[in-house]
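Data block for input38.cif (mmCIF, C-alpha atoms):
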```cif
data_coords
loop_
_atom_site.label_atom_id
_atom_site.label_comp_id
_atom_site.auth_asym_id
_atom_site.auth_seq_id
_atom_site.Cartn_x
_atom_site.Cartn_y
_atom_site.Cartn_z
CA MET A 364 78.68 147.24 105.65
CA ARG A 365 80.56 150.34 106.66
CA ILE A 366 80.24 153.64 104.84
CA SER A 367 83.38 153.96 102.73
CA ALA A 368 85.58 157.03 102.52
CA GLY A 369 84.09 157.97 99.15
CA ARG A 370 80.54 157.62 100.39
CA ARG A 371 81.48 159.55 103.53
CA ARG A 372 82.39 162.53 101.35
CA ILE A 373 78.96 162.27 99.78
CA LEU A 374 77.39 162.26 103.23
CA ALA A 375 79.33 165.37 104.16
CA THR A 376 77.68 167.28 101.29
CA GLY A 377 74.24 166.07 102.34
CA LEU A 378 73.48 164.13 99.16
CA ALA A 379 71.09 161.19 99.56
CA ALA A 380 71.94 157.72 98.30
CA CYS A 381 69.62 155.51 96.23
CA VAL A 382 67.90 152.44 97.67
CA THR A 383 69.52 149.40 96.06
CA TRP A 384 71.09 146.04 96.77
CA ALA A 385 74.30 146.09 98.76
CA THR A 386 77.53 145.81 96.80
CA ALA A 387 80.90 145.03 98.28
CA VAL A 388 83.00 148.11 99.03
CA PRO A 389 86.64 147.49 98.08
CA ALA A 390 88.90 146.95 101.05
CA VAL A 391 90.91 149.96 102.20
CA ALA A 392 94.51 149.80 101.01
CA HIS A 393 96.74 149.54 104.08
CA ARG A 394 100.42 150.35 103.88
CA PRO A 395 102.75 148.08 105.90
CA ASP A 396 104.47 151.10 107.43
CA GLU A 397 101.26 152.93 108.21
CA MET A 398 100.98 154.02 111.84
CA GLY A 399 98.24 152.65 114.02
CA VAL A 400 97.91 149.18 112.50
CA LEU A 401 98.73 145.66 113.55
CA SER A 402 100.54 143.64 110.92
CA ALA A 403 99.48 140.11 109.99
CA ALA A 404 102.53 138.82 111.87
CA ALA A 405 101.51 140.74 114.98
CA ILE A 406 98.01 139.32 114.75
CA ARG A 407 99.43 135.79 114.44
CA ASP A 408 101.54 136.43 117.53
CA GLN A 409 98.46 137.62 119.39
CA GLU A 410 96.55 134.54 118.28
CA GLY A 411 99.30 132.26 119.55
CA SER A 412 99.27 133.83 123.01
CA ALA A 413 95.50 134.24 123.10
CA ALA A 414 95.01 130.53 122.48
CA GLN A 415 95.97 129.93 126.11
CA VAL A 416 93.65 132.63 127.44
CA ARG A 417 90.15 132.13 128.87
CA LYS A 418 87.76 129.60 127.36
CA PRO A 419 84.41 130.58 128.85
CA SER A 420 81.53 128.19 129.25
CA ALA A 421 78.49 128.41 127.02
CA GLN A 422 76.40 130.29 129.57
CA THR A 423 78.92 132.47 131.41
CA SER A 424 77.14 134.86 133.76
CA VAL A 425 78.16 138.44 133.07
CA GLY A 426 78.01 141.74 134.89
CA LEU A 427 78.33 145.23 133.51
CA LEU A 428 79.83 145.78 130.09
CA PRO A 429 83.26 147.45 130.04
CA ALA A 430 82.78 151.21 130.11
CA THR A 431 83.37 153.32 127.00
CA VAL A 432 84.79 156.64 128.18
CA SER A 433 83.62 159.81 126.43
CA GLY A 434 86.30 161.04 124.03
CA SER A 435 87.97 157.63 123.70
CA ILE A 436 88.64 156.38 120.17
CA GLY A 437 87.97 152.90 118.86
CA TYR A 438 87.71 151.23 115.45
CA ASP A 439 85.26 149.11 113.52
CA ILE A 440 86.30 146.54 110.91
CA SER A 441 84.61 143.87 108.83
CA PHE A 442 85.07 141.76 105.71
CA PRO A 443 86.94 144.48 103.71
CA GLN A 444 89.81 144.10 106.21
CA CYS A 445 90.14 140.32 105.69
CA ASN A 446 93.84 139.37 105.64
CA LYS A 447 94.81 143.03 106.00
CA PRO A 448 96.47 144.76 108.96
CA PHE A 449 94.05 145.60 111.77
CA PRO A 450 93.99 148.87 113.75
CA ALA A 451 96.02 149.08 116.93
CA ASN A 452 95.62 151.18 120.08
CA ALA A 453 91.82 150.97 120.06
CA ALA A 454 89.97 151.90 123.24
CA PHE A 455 87.07 149.75 122.00
CA ARG A 456 86.59 147.44 119.02
CA ILE A 457 83.56 146.70 116.86
CA VAL A 458 83.33 143.89 114.32
CA GLY A 459 80.84 143.37 111.50
CA VAL A 460 79.36 139.88 111.48
CA ASN A 461 78.07 140.00 107.90
CA GLY A 462 79.59 140.12 104.45
CA GLY A 463 77.80 143.31 103.45
CA ARG A 464 74.14 142.34 103.73
CA ALA A 465 71.83 140.25 105.86
CA PHE A 466 72.16 136.44 105.73
CA THR A 467 75.83 136.59 104.71
CA ALA A 468 78.82 135.95 106.97
CA ASN A 469 82.05 137.87 107.38
CA PRO A 470 84.57 135.16 106.41
CA CYS A 471 87.25 136.58 108.72
CA LEU A 472 85.14 136.87 111.84
CA GLY A 473 86.30 133.58 113.37
CA ALA A 474 89.24 131.25 112.83
CA GLY A 475 90.11 129.60 109.54
CA ASN A 476 90.47 132.43 107.01
CA GLY A 477 93.52 134.31 108.15
CA PRO A 478 93.74 136.47 111.29
CA SER A 479 90.44 136.44 113.18
CA GLU A 480 88.67 139.76 113.58
CA LEU A 481 86.87 138.51 116.67
CA ARG A 482 90.19 137.59 118.26
CA TRP A 483 91.39 141.13 117.48
CA ALA A 484 88.26 142.54 119.11
CA GLY A 485 88.35 140.20 122.11
CA ARG A 486 85.74 138.31 124.05
CA TRP A 487 83.86 141.52 124.92
CA ALA A 488 83.66 142.60 121.26
CA SER A 489 80.85 144.80 120.07
CA PHE A 490 79.13 143.59 116.90
CA TYR A 491 77.24 145.23 114.09
CA ALA A 492 74.83 143.48 111.75
CA ASN A 493 73.53 144.52 108.35
CA THR A 494 69.80 145.04 108.01
CA GLY A 495 67.35 145.37 105.12
CA SER A 496 63.78 144.66 104.07
CA PRO A 497 63.80 143.44 100.44
CA GLY A 498 60.33 141.93 100.21
CA PRO A 499 59.27 138.60 98.67
CA ARG A 500 60.21 139.40 95.07
CA LEU A 501 63.85 140.12 95.85
CA SER A 502 64.55 137.67 98.66
CA LYS A 503 64.35 133.90 98.71
CA ARG A 504 64.43 134.19 102.50
CA TRP A 505 61.18 136.12 102.81
CA PRO A 506 59.25 134.32 105.61
CA THR A 507 56.02 133.55 103.76
CA GLY A 508 54.14 130.90 105.76
CA GLN A 509 56.13 131.49 108.95
CA ARG A 510 54.05 131.42 112.14
CA PHE A 511 56.51 132.70 114.77
CA PRO A 512 57.12 135.28 116.12
CA ARG A 513 54.42 136.72 113.84
CA ARG A 514 52.12 134.99 111.36
CA CYS A 515 53.25 135.74 107.80
CA THR A 516 50.48 134.44 105.55
CA LYS A 517 50.75 133.58 101.87
CA THR A 518 47.80 135.84 101.17
CA GLU A 519 49.48 138.88 102.74
CA PRO A 520 53.24 138.55 102.12
CA LEU A 521 53.73 142.32 102.27
CA SER A 522 52.30 142.69 105.77
CA LYS A 523 54.03 144.20 108.79
CA ALA A 524 54.03 140.72 110.33
CA CYS A 525 56.11 139.37 107.44
CA ALA A 526 58.51 142.30 107.62
CA TYR A 527 58.87 141.74 111.38
CA ASP A 528 59.64 138.05 110.85
CA TYR A 529 62.26 138.88 108.25
CA GLY A 530 64.05 141.21 110.67
CA TRP A 531 63.83 138.58 113.44
CA ASN A 532 65.28 135.91 111.16
CA ALA A 533 68.10 138.14 109.89
CA ALA A 534 69.14 139.13 113.41
CA LYS A 535 69.02 135.48 114.48
CA ASP A 536 71.29 134.52 111.57
CA SER A 537 73.74 137.29 112.46
CA TYR A 538 73.74 136.32 116.13
CA LEU A 539 74.43 132.65 115.35
CA THR A 540 77.24 133.74 113.03
CA ALA A 541 78.84 135.41 116.05
CA VAL A 542 78.28 132.28 118.15
CA ARG A 543 80.02 130.13 115.52
CA ALA A 544 82.97 132.53 115.51
CA TYR A 545 83.36 132.15 119.28
CA ILE A 546 83.23 128.36 118.87
CA SER A 547 85.86 128.42 116.12
CA LEU A 548 88.26 130.25 118.46
CA GLY A 549 87.73 127.74 121.25
CA TRP A 550 85.98 130.35 123.39
CA LEU A 551 82.76 128.31 123.42
CA PRO A 552 82.13 124.55 123.28
CA ARG A 553 80.66 123.03 120.15
CA GLY A 554 76.90 123.10 120.22
CA ALA A 555 76.66 126.39 122.12
CA THR A 556 73.77 128.62 121.06
CA ARG A 557 74.60 131.85 122.86
CA THR A 558 77.63 134.12 122.95
CA PRO A 559 79.54 133.87 126.24
CA VAL A 560 78.87 137.53 127.14
CA HIS A 561 76.07 140.00 126.51
CA ASN A 562 77.86 141.91 123.75
CA ARG A 563 76.86 145.33 122.54
CA TRP A 564 75.00 145.03 119.24
CA TRP A 565 74.49 147.68 116.57
CA LEU A 566 72.02 147.36 113.70
CA ASP A 567 73.46 148.85 110.51
CA VAL A 568 70.77 150.82 108.62
CA GLU A 569 72.02 152.00 105.23
CA THR A 570 70.51 152.75 101.83
CA SER A 571 73.11 150.48 100.20
CA ASN A 572 70.96 147.57 101.37
CA SER A 573 67.51 146.78 100.01
CA TRP A 574 64.50 148.46 101.61
CA ARG A 575 60.79 148.85 100.93
CA ARG A 576 59.30 152.16 99.85
CA ASN A 577 56.77 151.62 102.63
CA ARG A 578 58.64 152.94 105.65
CA ARG A 579 56.23 151.29 108.09
CA LEU A 580 57.40 147.92 106.77
CA ASN A 581 61.03 148.96 107.18
CA VAL A 582 60.38 149.96 110.79
CA ALA A 583 58.62 146.64 111.41
CA THR A 584 61.69 144.81 110.09
CA LEU A 585 63.94 146.68 112.51
CA GLN A 586 61.50 145.98 115.34
CA GLY A 587 61.79 142.28 114.59
CA ALA A 588 65.59 142.48 114.67
CA VAL A 589 65.55 144.27 118.02
CA ALA A 590 63.08 141.76 119.43
CA PHE A 591 65.29 138.81 118.54
CA LEU A 592 68.36 140.34 120.19
CA GLN A 593 66.29 141.16 123.26
CA SER A 594 65.20 137.51 123.35
CA ARG A 595 68.88 136.69 123.86
CA ASP A 596 69.10 139.06 126.82
CA ILE A 597 71.09 141.65 124.89
CA GLY A 598 70.67 144.85 126.89
CA PHE A 599 72.58 147.18 124.58
CA ILE A 600 71.08 147.45 121.08
CA GLY A 601 71.81 150.56 119.03
CA PHE A 602 71.53 151.77 115.45
CA TYR A 603 74.26 152.79 113.02
CA SER A 604 73.21 155.16 110.23
CA ALA A 605 73.56 158.62 108.72
CA ARG A 606 70.85 161.17 109.35
CA HIS A 607 69.54 161.33 105.76
CA MET A 608 69.62 157.53 105.42
CA TRP A 609 67.61 157.07 108.60
CA LYS A 610 65.05 159.54 107.28
CA GLU A 611 64.81 157.85 103.88
CA ILE A 612 64.45 154.35 105.33
CA THR A 613 62.37 154.94 108.49
CA GLY A 614 60.81 158.37 107.97
CA ASN A 615 62.60 159.59 111.11
CA THR A 616 60.59 157.25 113.31
CA LEU A 617 60.89 157.69 117.07
CA VAL A 618 59.88 154.08 117.74
CA PHE A 619 63.51 153.39 118.71
CA ALA A 620 64.00 156.44 120.95
CA GLY A 621 65.03 154.09 123.74
CA HIS A 622 68.03 152.94 121.72
CA PRO A 623 71.32 154.80 121.14
CA SER A 624 72.68 156.11 117.86
CA TRP A 625 76.04 155.58 116.18
CA ILE A 626 76.21 158.29 113.55
CA ALA A 627 78.23 158.31 110.33
CA GLY A 628 79.20 161.16 108.05
CA ALA A 629 82.37 162.78 109.43
CA SER A 630 85.78 162.74 107.76
CA THR A 631 87.79 164.00 110.74
CA LEU A 632 87.80 163.65 114.51
CA ARG A 633 86.74 167.28 114.80
CA GLY A 634 83.75 166.60 112.54
CA ALA A 635 82.85 163.47 114.52
CA LYS A 636 82.86 165.42 117.79
CA ARG A 637 80.54 167.92 116.15
CA LEU A 638 78.17 165.09 115.25
CA CYS A 639 78.22 164.02 118.90
CA ARG A 640 76.65 167.36 119.82
CA GLU A 641 73.84 167.09 117.29
CA PRO A 642 70.46 165.47 118.07
CA SER A 643 70.38 161.69 117.77
CA PHE A 644 68.61 160.29 114.71
CA THR A 645 66.83 157.65 116.83
CA GLY A 646 65.72 160.15 119.44
CA GLY A 647 67.89 158.39 122.00
CA ARG A 648 71.43 159.21 123.03
CA THR A 649 74.24 159.50 120.48
CA ARG A 650 76.93 157.15 121.76
CA LEU A 651 79.43 157.02 118.86
CA ALA A 652 80.39 159.12 115.85
CA GLN A 653 82.41 157.65 112.99
CA PHE A 654 85.28 159.30 111.11
CA PHE A 655 88.32 158.28 109.04
CA ARG A 656 91.80 157.75 110.50
CA ASN A 657 94.92 155.93 109.30
CA GLY A 658 93.02 154.16 106.53
CA PHE A 659 90.35 152.80 108.89
CA ASP A 660 86.89 153.66 110.12
CA ALA A 661 87.48 155.14 113.56
CA ASP A 662 84.85 156.02 116.15
CA VAL A 663 84.84 158.53 118.98
CA ALA A 664 82.71 157.90 122.06
CA CYS A 665 80.32 160.81 122.61
#
```
Before anything else, please render the file you have as structure tokens.
Amino acid sequence: MRISAGRRRILATGLAACVTWATAVPAVAHRPDEMGVLSAAAIRDQEGSAAQVRKPSAQTSVGLLPATVSGSIGYDISFPQCNKPFPANAAFRIVGVNGGRAFTANPCLGAGNGPSELRWAGRWASFYANTGSPGPRLSKRWPTGQRFPRRCTKTEPLSKACAYDYGWNAAKDSYLTAVRAYISLGWLPRGATRTPVHNRWWLDVETSNSWRRNRRLNVATLQGAVAFLQSRDIGFIGFYSARHMWKEITGNTLVFAGHPSWIAGASTLRGAKRLCREPSFTGGRTRLAQFFRNGFDADVAC
């Protein structure tokens, strides 16, 4: 889930958060007369007109992703914005597929629970997915006995192979959640197993989700998540985090230096632009920096 305004202030002072289970951050209070938002009525109007727009086939061939121009400002939303106004005038739009942690679904991603966040974001939406590595004691979904893509044996449930499988499974669940949202909007036929375009995907790495003290296992989990998305021909896979969270969870690994960063921690656009100039926490390029604007999480392209 996104880093809330309160937690962002903590980030700004450099204080580290504790490793714990994710809890739902209360939705931001949006005023009806607040500038830069789309009202529920406006979203309904958009949905009515969008219903007659493109309905791509299950395996639409795609070219280059729409460009994100440096300095442009977009927004990211997720389950806290359910049935609330959505941001307007966004150069790009990112939607969370989960309800705050892995193996949960954002109830407002597709159709059926008020205005659809995917419809707001459009067919070329970017997605972000929650990650974590809770281990077998805390998760009923730990892949003990699984044989693919790694062998997770009952005798070694805390192995890197098991952690890798957990990350693979979580990313697969998030990806299929996005597929179901496309289907619910009529943008894919029933039974489709892939999104109609090769969306940008971000893996959300935060200490508010559950992680192992063994950072090598945490890295293995993220490697499994990346591998699943790559198996779906996703060419753009990045990581969302704050610098101290990335260090606490991964030990500042450079395993993902080939992947871009989306960095959190700024309260203002000026602060976000400053983050753009700092070294990337993955070792790759910093592509986005998050800040707070008009009651929403906004993002500037670096």
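Relative to atom CA of Met608 of chain A, atom CA of Phe449 of chain A is found at 27.9 Å.
Note on the selection: in this file the PyMOL selection byres ((chain A and resi 489-492) around 6) comes out as A:Ile457, A:Val458, A:Gly459, A:Val460, A:Ala488, A:Asn493, A:Asn562, A:Arg563, A:Trp564, A:Trp565, A:Leu566, A:Asp567.
Minimum atom-to-atom distances from A:Gly462, A:Gly646, A:Gly634, A:Gly508 to Gly621 of chain A were compared using only C-alpha atoms, and the lowest value belongs to A:Gly646.
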Explicit residue set for the PyMOL selection byres ((chain A and resi 470) around 12), as a PyMOL selection string | chain A and resi 441-446+458-463+467-469+471-481+540-541+543-544+547
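Atom CA of Ser604 of chain A lies 5.2 Å from atom CA of Val568 of chain A.
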Could you expand the PyMOL selection byres ((chain A and resi 637) around 12) into the explicit residues it covers here, written as a ChimeraX atom specification?
-> /A:434,626-636,638-642,649,651-654,663-665
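Between atom CA of Pro512 of chain A and atom CA of Asp528 of chain A the separation is 6.5 Å.
With only C-alpha atoms as the atoms that count, the residue of A:Thr556, A:Thr507, A:Thr570, A:Asn452 with the shortest distance to Asn657 of chain A is A:Asn452.
Shortest atom-to-atom contact with Leu592 of chain A among A:Ile546, A:Ala533, A:Ile612, A:Ala605: A:Ala533, counting all atoms listed in the file.
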